[in-house]
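Pasted below: final02.pdb, PDB, C-alpha atoms and all ligand atoms.
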```
ATOM      1  CA  MET A  81     -17.580 113.173  78.933  1.00  0.00           C
ATOM      2  CA  LEU A  82     -16.618 111.831  82.320  1.00  0.00           C
ATOM      3  CA  SER A  83     -16.387 108.115  82.740  1.00  0.00           C
ATOM      4  CA  THR A  84     -17.991 108.323  86.174  1.00  0.00           C
ATOM      5  CA  GLY A  85     -20.726 105.758  86.581  1.00  0.00           C
ATOM      6  CA  ILE A  86     -19.520 103.538  83.790  1.00  0.00           C
ATOM      7  CA  ASN A  87     -18.695 100.088  85.016  1.00  0.00           C
ATOM      8  CA  THR A  88     -16.725  97.236  83.548  1.00  0.00           C
ATOM      9  CA  SER A  89     -19.752  95.179  82.527  1.00  0.00           C
ATOM     10  CA  GLN A  90     -21.066  98.142  80.557  1.00  0.00           C
ATOM     11  CA  VAL A  91     -17.731  98.491  78.769  1.00  0.00           C
ATOM     12  CA  PHE A  92     -17.767  94.750  78.125  1.00  0.00           C
ATOM     13  CA  ASP A  93     -21.266  95.071  76.636  1.00  0.00           C
ATOM     14  CA  TRP A  94     -20.211  97.896  74.331  1.00  0.00           C
ATOM     15  CA  ILE A  95     -17.310  96.001  72.821  1.00  0.00           C
ATOM     16  CA  SER A  96     -18.511  92.400  73.069  1.00  0.00           C
ATOM     17  CA  GLY A  97     -20.364  92.658  69.750  1.00  0.00           C
ATOM     18  CA  ILE A  98     -17.286  93.683  67.757  1.00  0.00           C
ATOM     19  CA  THR A  99     -16.632  91.086  65.111  1.00  0.00           C
ATOM     20  CA  ASP A 100     -13.506  89.487  63.772  1.00  0.00           C
ATOM     21  CA  PRO A 101     -12.872  91.376  60.502  1.00  0.00           C
ATOM     22  CA  GLU A 102     -12.363  88.033  58.806  1.00  0.00           C
ATOM     23  CA  ILE A 103     -15.544  86.431  60.155  1.00  0.00           C
ATOM     24  CA  PRO A 104     -18.142  89.216  60.260  1.00  0.00           C
ATOM     25  CA  ALA A 105     -20.847  86.936  61.668  1.00  0.00           C
ATOM     26  CA  ILE A 106     -18.938  86.057  64.818  1.00  0.00           C
ATOM     27  CA  SER A 107     -18.063  88.392  67.658  1.00  0.00           C
ATOM     28  CA  ILE A 108     -14.776  88.664  69.504  1.00  0.00           C
ATOM     29  CA  THR A 109     -16.595  87.396  72.596  1.00  0.00           C
ATOM     30  CA  GLU A 110     -17.807  84.287  70.773  1.00  0.00           C
ATOM     31  CA  LEU A 111     -14.305  83.637  69.508  1.00  0.00           C
ATOM     32  CA  GLY A 112     -12.863  84.060  72.988  1.00  0.00           C
ATOM     33  CA  ILE A 113     -10.629  86.954  71.886  1.00  0.00           C
ATOM     34  CA  LEU A 114     -12.122  89.371  74.418  1.00  0.00           C
ATOM     35  CA  ARG A 115     -10.939  88.040  77.772  1.00  0.00           C
ATOM     36  CA  ASP A 116     -11.410  90.677  80.416  1.00  0.00           C
ATOM     37  CA  VAL A 117     -12.347  94.261  81.253  1.00  0.00           C
ATOM     38  CA  LYS A 118     -10.984  95.774  84.453  1.00  0.00           C
ATOM     39  CA  LEU A 119     -11.098  99.187  86.033  1.00  0.00           C
ATOM     40  CA  ASN A 120      -7.694 100.318  87.233  1.00  0.00           C
ATOM     41  CA  ASN A 121      -7.303 103.823  88.753  1.00  0.00           C
ATOM     42  CA  GLY A 122     -10.076 105.246  86.629  1.00  0.00           C
ATOM     43  CA  GLU A 123      -8.793 103.610  83.489  1.00  0.00           C
ATOM     44  CA  PHE A 124     -10.408 100.671  81.732  1.00  0.00           C
ATOM     45  CA  VAL A 125      -7.991  97.878  80.941  1.00  0.00           C
ATOM     46  CA  ILE A 126      -9.161  95.522  78.236  1.00  0.00           C
ATOM     47  CA  THR A 127      -7.444  92.193  77.753  1.00  0.00           C
ATOM     48  CA  ILE A 128      -7.560  90.430  74.425  1.00  0.00           C
ATOM     49  CA  THR A 129      -5.880  87.230  73.320  1.00  0.00           C
ATOM     50  CA  PRO A 130      -4.839  86.847  69.683  1.00  0.00           C
ATOM     51  CA  THR A 131      -6.161  83.781  67.926  1.00  0.00           C
ATOM     52  CA  TYR A 132      -2.866  83.355  66.213  1.00  0.00           C
ATOM     53  CA  THR A 133       0.548  84.844  66.954  1.00  0.00           C
ATOM     54  CA  GLY A 134       0.953  87.783  64.630  1.00  0.00           C
ATOM     55  CA  CYS A 135      -2.625  87.554  63.452  1.00  0.00           C
ATOM     56  CA  PRO A 136      -3.119  90.620  61.243  1.00  0.00           C
ATOM     57  CA  ALA A 137      -6.730  90.978  62.401  1.00  0.00           C
ATOM     58  CA  MET A 138      -5.677  91.879  65.943  1.00  0.00           C
ATOM     59  CA  SER A 139      -4.647  95.476  65.243  1.00  0.00           C
ATOM     60  CA  ARG A 140      -7.936  95.993  63.429  1.00  0.00           C
ATOM     61  CA  ILE A 141      -9.818  94.559  66.411  1.00  0.00           C
ATOM     62  CA  GLU A 142      -7.864  96.877  68.738  1.00  0.00           C
ATOM     63  CA  ASN A 143      -8.757  99.856  66.565  1.00  0.00           C
ATOM     64  CA  GLN A 144     -12.410  98.867  66.611  1.00  0.00           C
ATOM     65  CA  ILE A 145     -12.377  98.613  70.411  1.00  0.00           C
ATOM     66  CA  ARG A 146     -10.794 102.086  70.708  1.00  0.00           C
ATOM     67  CA  GLN A 147     -13.238 103.516  68.203  1.00  0.00           C
ATOM     68  CA  LYS A 148     -16.230 101.979  69.951  1.00  0.00           C
ATOM     69  CA  LEU A 149     -15.208 103.271  73.371  1.00  0.00           C
ATOM     70  CA  THR A 150     -14.386 106.717  72.001  1.00  0.00           C
ATOM     71  CA  GLU A 151     -17.949 106.842  70.656  1.00  0.00           C
ATOM     72  CA  HIS A 152     -19.093 106.253  74.227  1.00  0.00           C
ATOM     73  CA  GLY A 153     -16.815 109.010  75.512  1.00  0.00           C
ATOM     74  CA  LEU A 154     -14.131 106.751  76.935  1.00  0.00           C
ATOM     75  CA  GLN A 155     -10.656 107.784  75.974  1.00  0.00           C
ATOM     76  CA  LYS A 156      -8.485 106.575  78.810  1.00  0.00           C
ATOM     77  CA  ILE A 157      -8.243 102.937  77.962  1.00  0.00           C
ATOM     78  CA  THR A 158      -5.476 100.399  77.771  1.00  0.00           C
ATOM     79  CA  ILE A 159      -5.629  97.334  75.586  1.00  0.00           C
ATOM     80  CA  ASN A 160      -3.472  94.478  76.775  1.00  0.00           C
ATOM     81  CA  THR A 161      -2.676  91.664  74.454  1.00  0.00           C
ATOM     82  CA  SER A 162      -2.214  88.530  76.479  1.00  0.00           C
ATOM     83  CA  SER A 163      -0.806  85.347  75.023  1.00  0.00           C
ATOM     84  CA  SER A 164      -1.026  83.465  78.276  1.00  0.00           C
ATOM     85  CA  PRO A 165      -2.997  81.271  78.377  1.00  0.00           C
ATOM     86  CA  ALA A 166      -2.561  80.880  74.656  1.00  0.00           C
ATOM     87  CA  TRP A 167      -5.739  81.011  72.650  1.00  0.00           C
ATOM     88  CA  THR A 168      -6.985  77.690  71.415  1.00  0.00           C
ATOM     89  CA  THR A 169      -9.753  76.763  69.033  1.00  0.00           C
ATOM     90  CA  ASP A 170     -11.184  74.742  71.966  1.00  0.00           C
ATOM     91  CA  TRP A 171     -12.494  78.073  73.316  1.00  0.00           C
ATOM     92  CA  ILE A 172     -14.951  78.158  70.440  1.00  0.00           C
ATOM     93  CA  THR A 173     -18.243  76.659  71.577  1.00  0.00           C
ATOM     94  CA  GLU A 174     -20.277  74.190  69.538  1.00  0.00           C
ATOM     95  CA  ASP A 175     -22.911  76.880  68.915  1.00  0.00           C
ATOM     96  CA  VAL A 176     -20.310  79.216  67.480  1.00  0.00           C
ATOM     97  CA  LYS A 177     -18.897  76.412  65.355  1.00  0.00           C
ATOM     98  CA  LYS A 178     -22.378  75.909  63.924  1.00  0.00           C
ATOM     99  CA  LYS A 179     -22.588  79.626  63.197  1.00  0.00           C
ATOM    100  CA  MET A 180     -19.212  79.459  61.482  1.00  0.00           C
ATOM    101  CA  LYS A 181     -20.385  76.588  59.343  1.00  0.00           C
ATOM    102  CA  ALA A 182     -23.576  78.459  58.458  1.00  0.00           C
ATOM    103  CA  ASN A 183     -21.322  81.231  57.191  1.00  0.00           C
ATOM    104  CA  GLY A 184     -19.343  78.950  54.925  1.00  0.00           C
ATOM    105  CA  ILE A 185     -16.356  78.385  57.167  1.00  0.00           C
ATOM    106  CA  ALA A 186     -15.513  74.821  58.114  1.00  0.00           C
ATOM    107  CA  PRO A 187     -15.027  75.033  61.902  1.00  0.00           C
ATOM    108  CA  PRO A 188     -11.932  73.718  63.649  1.00  0.00           C
ATOM    109  CA  PRO A 189     -11.983  70.266  65.173  1.00  0.00           C
ATOM    110  CA  HIS A 190     -11.141  69.829  68.852  1.00  0.00           C
ATOM    111  CA  SER A 191      -7.432  70.031  69.600  1.00  0.00           C
ATOM    112  CA  SER A 192      -7.444  66.368  70.539  1.00  0.00           C
ATOM    113  CA  CYS A 193      -7.387  65.766  66.794  1.00  0.00           C
ATOM    114  CA  VAL A 194      -4.489  68.131  66.141  1.00  0.00           C
ATOM    115  CA  ARG A 195      -2.361  65.164  65.263  1.00  0.00           C
ATOM    116  CA  ALA A 196      -4.815  64.287  62.520  1.00  0.00           C
ATOM    117  CA  LEU A 197      -4.303  67.720  60.982  1.00  0.00           C
ATOM    118  CA  LYS A 198      -1.712  66.335  58.616  1.00  0.00           C
ATOM    119  CA  ASP A 199      -4.648  64.679  56.958  1.00  0.00           C
ATOM    120  CA  PHE A 200      -5.935  67.858  55.389  1.00  0.00           C
ATOM    121  CA  THR A 201      -8.451  66.045  53.212  1.00  0.00           C
ATOM    122  CA  ARG A 202     -10.638  65.209  56.220  1.00  0.00           C
ATOM    123  CA  VAL A 203     -12.221  68.647  56.383  1.00  0.00           C
ATOM    124  CA  SER A 204     -15.845  68.416  55.364  1.00  0.00           C
ATOM    125  CA  CYS A 205     -17.601  70.999  53.207  1.00  0.00           C
ATOM    126  CA  PRO A 206     -19.684  73.507  55.250  1.00  0.00           C
ATOM    127  CA  TYR A 207     -22.229  73.674  52.421  1.00  0.00           C
ATOM    128  CA  CYS A 208     -22.960  70.049  51.534  1.00  0.00           C
ATOM    129  CA  ASN A 209     -21.093  68.123  54.293  1.00  0.00           C
ATOM    130  CA  SER A 210     -19.156  66.142  51.708  1.00  0.00           C
ATOM    131  CA  SER A 211     -15.755  65.010  52.911  1.00  0.00           C
ATOM    132  CA  ASP A 212     -14.566  64.902  49.326  1.00  0.00           C
ATOM    133  CA  THR A 213     -12.620  68.171  49.583  1.00  0.00           C
ATOM    134  CA  ASN A 214      -9.258  69.422  48.370  1.00  0.00           C
ATOM    135  CA  LEU A 215      -6.798  71.696  50.112  1.00  0.00           C
ATOM    136  CA  ILE A 216      -6.065  74.603  47.762  1.00  0.00           C
ATOM    137  CA  SER A 217      -3.901  76.669  50.069  1.00  0.00           C
ATOM    138  CA  ARG A 218      -2.714  76.149  53.629  1.00  0.00           C
ATOM    139  CA  PHE A 219      -3.178  79.871  54.182  1.00  0.00           C
ATOM    140  CA  GLY A 220      -6.470  81.504  53.265  1.00  0.00           C
ATOM    141  CA  SER A 221      -7.283  85.165  53.844  1.00  0.00           C
ATOM    142  CA  THR A 222      -5.408  84.965  57.163  1.00  0.00           C
ATOM    143  CA  PRO A 223      -2.834  82.503  58.518  1.00  0.00           C
ATOM    144  CA  CYS A 224      -5.603  81.144  60.796  1.00  0.00           C
ATOM    145  CA  LYS A 225      -7.494  79.732  57.868  1.00  0.00           C
ATOM    146  CA  ALA A 226      -6.836  77.362  55.014  1.00  0.00           C
ATOM    147  CA  LEU A 227      -8.566  77.436  51.660  1.00  0.00           C
ATOM    148  CA  TYR A 228     -10.375  74.371  50.361  1.00  0.00           C
ATOM    149  CA  SER A 229     -12.598  73.446  47.498  1.00  0.00           C
ATOM    150  CA  CYS A 230     -15.391  70.904  47.524  1.00  0.00           C
ATOM    151  CA  ASN A 231     -15.404  68.198  44.862  1.00  0.00           C
ATOM    152  CA  ASN A 232     -19.084  67.549  45.411  1.00  0.00           C
ATOM    153  CA  CYS A 233     -20.724  70.995  45.214  1.00  0.00           C
ATOM    154  CA  HIS A 234     -17.643  72.755  43.754  1.00  0.00           C
ATOM    155  CA  GLU A 235     -17.832  75.581  46.281  1.00  0.00           C
ATOM    156  CA  PRO A 236     -14.594  76.993  47.647  1.00  0.00           C
ATOM    157  CA  PHE A 237     -14.581  77.424  51.420  1.00  0.00           C
ATOM    158  CA  GLN A 238     -12.311  78.365  54.291  1.00  0.00           C
ATOM    159  CA  HIS A 239     -11.381  76.110  57.138  1.00  0.00           C
ATOM    160  CA  PHE A 240     -10.581  77.660  60.505  1.00  0.00           C
ATOM    161  CA  LYS A 241      -7.509  75.699  61.446  1.00  0.00           C
ATOM    162  CA  CYS A 242      -7.213  73.972  64.763  1.00  0.00           C
ATOM    163  CA  HIS A 243      -4.475  75.240  67.058  1.00  0.00           C
TER     164      HIS A 243
HETATM  165 ZN    ZN B   1     -19.682  70.894  49.139  1.00  0.00          ZN
END
```
Could you quickly redo this structure as structure tokens?
Amino acid sequence: MLSTGINTSQVFDWISGITDPEIPAISITELGILRDVKLNNGEFVITITPTYTGCPAMSRIENQIRQKLTEHGLQKITINTSSSPAWTTDWITEDVKKKMKANGIAPPPHSSCVRALKDFTRVSCPYCNSSDTNLISRFGSTPCKALYSCNNCHEPFQHFKCH
């Protein structure tokens, strides 16, 4: 299929709903991973920013983007991974943080409290809001997340770390 007539906003629409494999409820657009779609000499150039240097989810996200665009008949695409500006958890909006919490992931605090990160016990439980939580592992299913357990409701949960 020819890509004639397909514009960048259409391409953006097609891939904007792709989700982070680790957080299936939240899209790469909501996380701020998908930065830009440009048309360059008939080729779509997609720019993504990894949430974490060496984040293992990124290659899976790239594959999903390629797969999605192939389904729409687009094969000539380039995916650029840009680390500048570096991704920050500040790109996550309050609405998305709420969505994260609703899915059992304690959202990251604003980077202004990065210094307080040493105090790992301050993370509150996404299920019962108790701040009586324990850090089980600094690295959860990905390096971006830490694993906690709640002393109040006894549910384990992940915390998306601030960076
Ligand atoms: Zn709890």
(request) I would like the residues chosen by the PyMOL selection byres (((chain A and resi 226-242) around 10) and not hetatm) on the shown file; could you give them as a VMD selection string? (result) chain A and resid 168 to 170 177 180 to 181 183 to 194 197 200 to 201 203 to 225 243
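Between CA of Arg146 in chain A and CA of Asn160 in chain A the separation is 12.2 Å.
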(message) Using only C-alpha atoms for the distances, tell me which of A:Pro130, A:Pro101, A:Pro136, A:Gly122 is nearest to Thr161 in chain A.
(response)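 Closest residue, counting only C-alpha atoms: A:Pro130.
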(request) List the residues selected by the PyMOL selection byres (((chain A and resi 139) around 12) and not hetatm) in the file shown, writing them as a ChimeraX atom specification. (result) /A:100-101,128-130,133-138,140-146,159-161
(request) Give me, please, the distance in Å between CA of Glu110 in chain A and CA of Gly85 in chain A, quoted to one decimal. (result)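 Those two atoms sit 26.8 Å apart.
You will find CA of Lys156 in chain A at 25.4 Å from CA of Leu111 in chain A.
Using all atoms listed in the file for every distance, the candidate list A:Glu123, A:Asn87, A:Gly112, A:Ala166 yields A:Gly112 as the residue closest to Thr99 in chain A.
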I'd like to see the residues matched by the PyMOL selection byres (((chain A and resi 98) around 6) and not hetatm) on this file, and ideally I'd get them as an mmCIF file with C-alpha atoms, in the frame of the given file.
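Once written, out.cif looks like this:
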```cif
data_model
loop_
_atom_site.group_PDB
_atom_site.id
_atom_site.type_symbol
_atom_site.label_atom_id
_atom_site.label_comp_id
_atom_site.auth_asym_id
_atom_site.auth_seq_id
_atom_site.Cartn_x
_atom_site.Cartn_y
_atom_site.Cartn_z
ATOM 1 C CA ILE A 95 -17.310 96.001 72.821
ATOM 2 C CA SER A 96 -18.511 92.400 73.069
ATOM 3 C CA GLY A 97 -20.364 92.658 69.750
ATOM 4 C CA THR A 99 -16.632 91.086 65.111
ATOM 5 C CA SER A 107 -18.063 88.392 67.658
ATOM 6 C CA ILE A 108 -14.776 88.664 69.504
#
```
Please give the centre and size of the box around range 98-116 of chain A (axis-aligned, containing every atom listed in the file, 6 Å added per side), with values in Å to one decimal and written as AutoDock Vina command-line options.
```
--center_x -15.7 --center_y 88.7 --center_z 69.6 --size_x 22.2 --size_y 22.0 --size_z 33.6
```
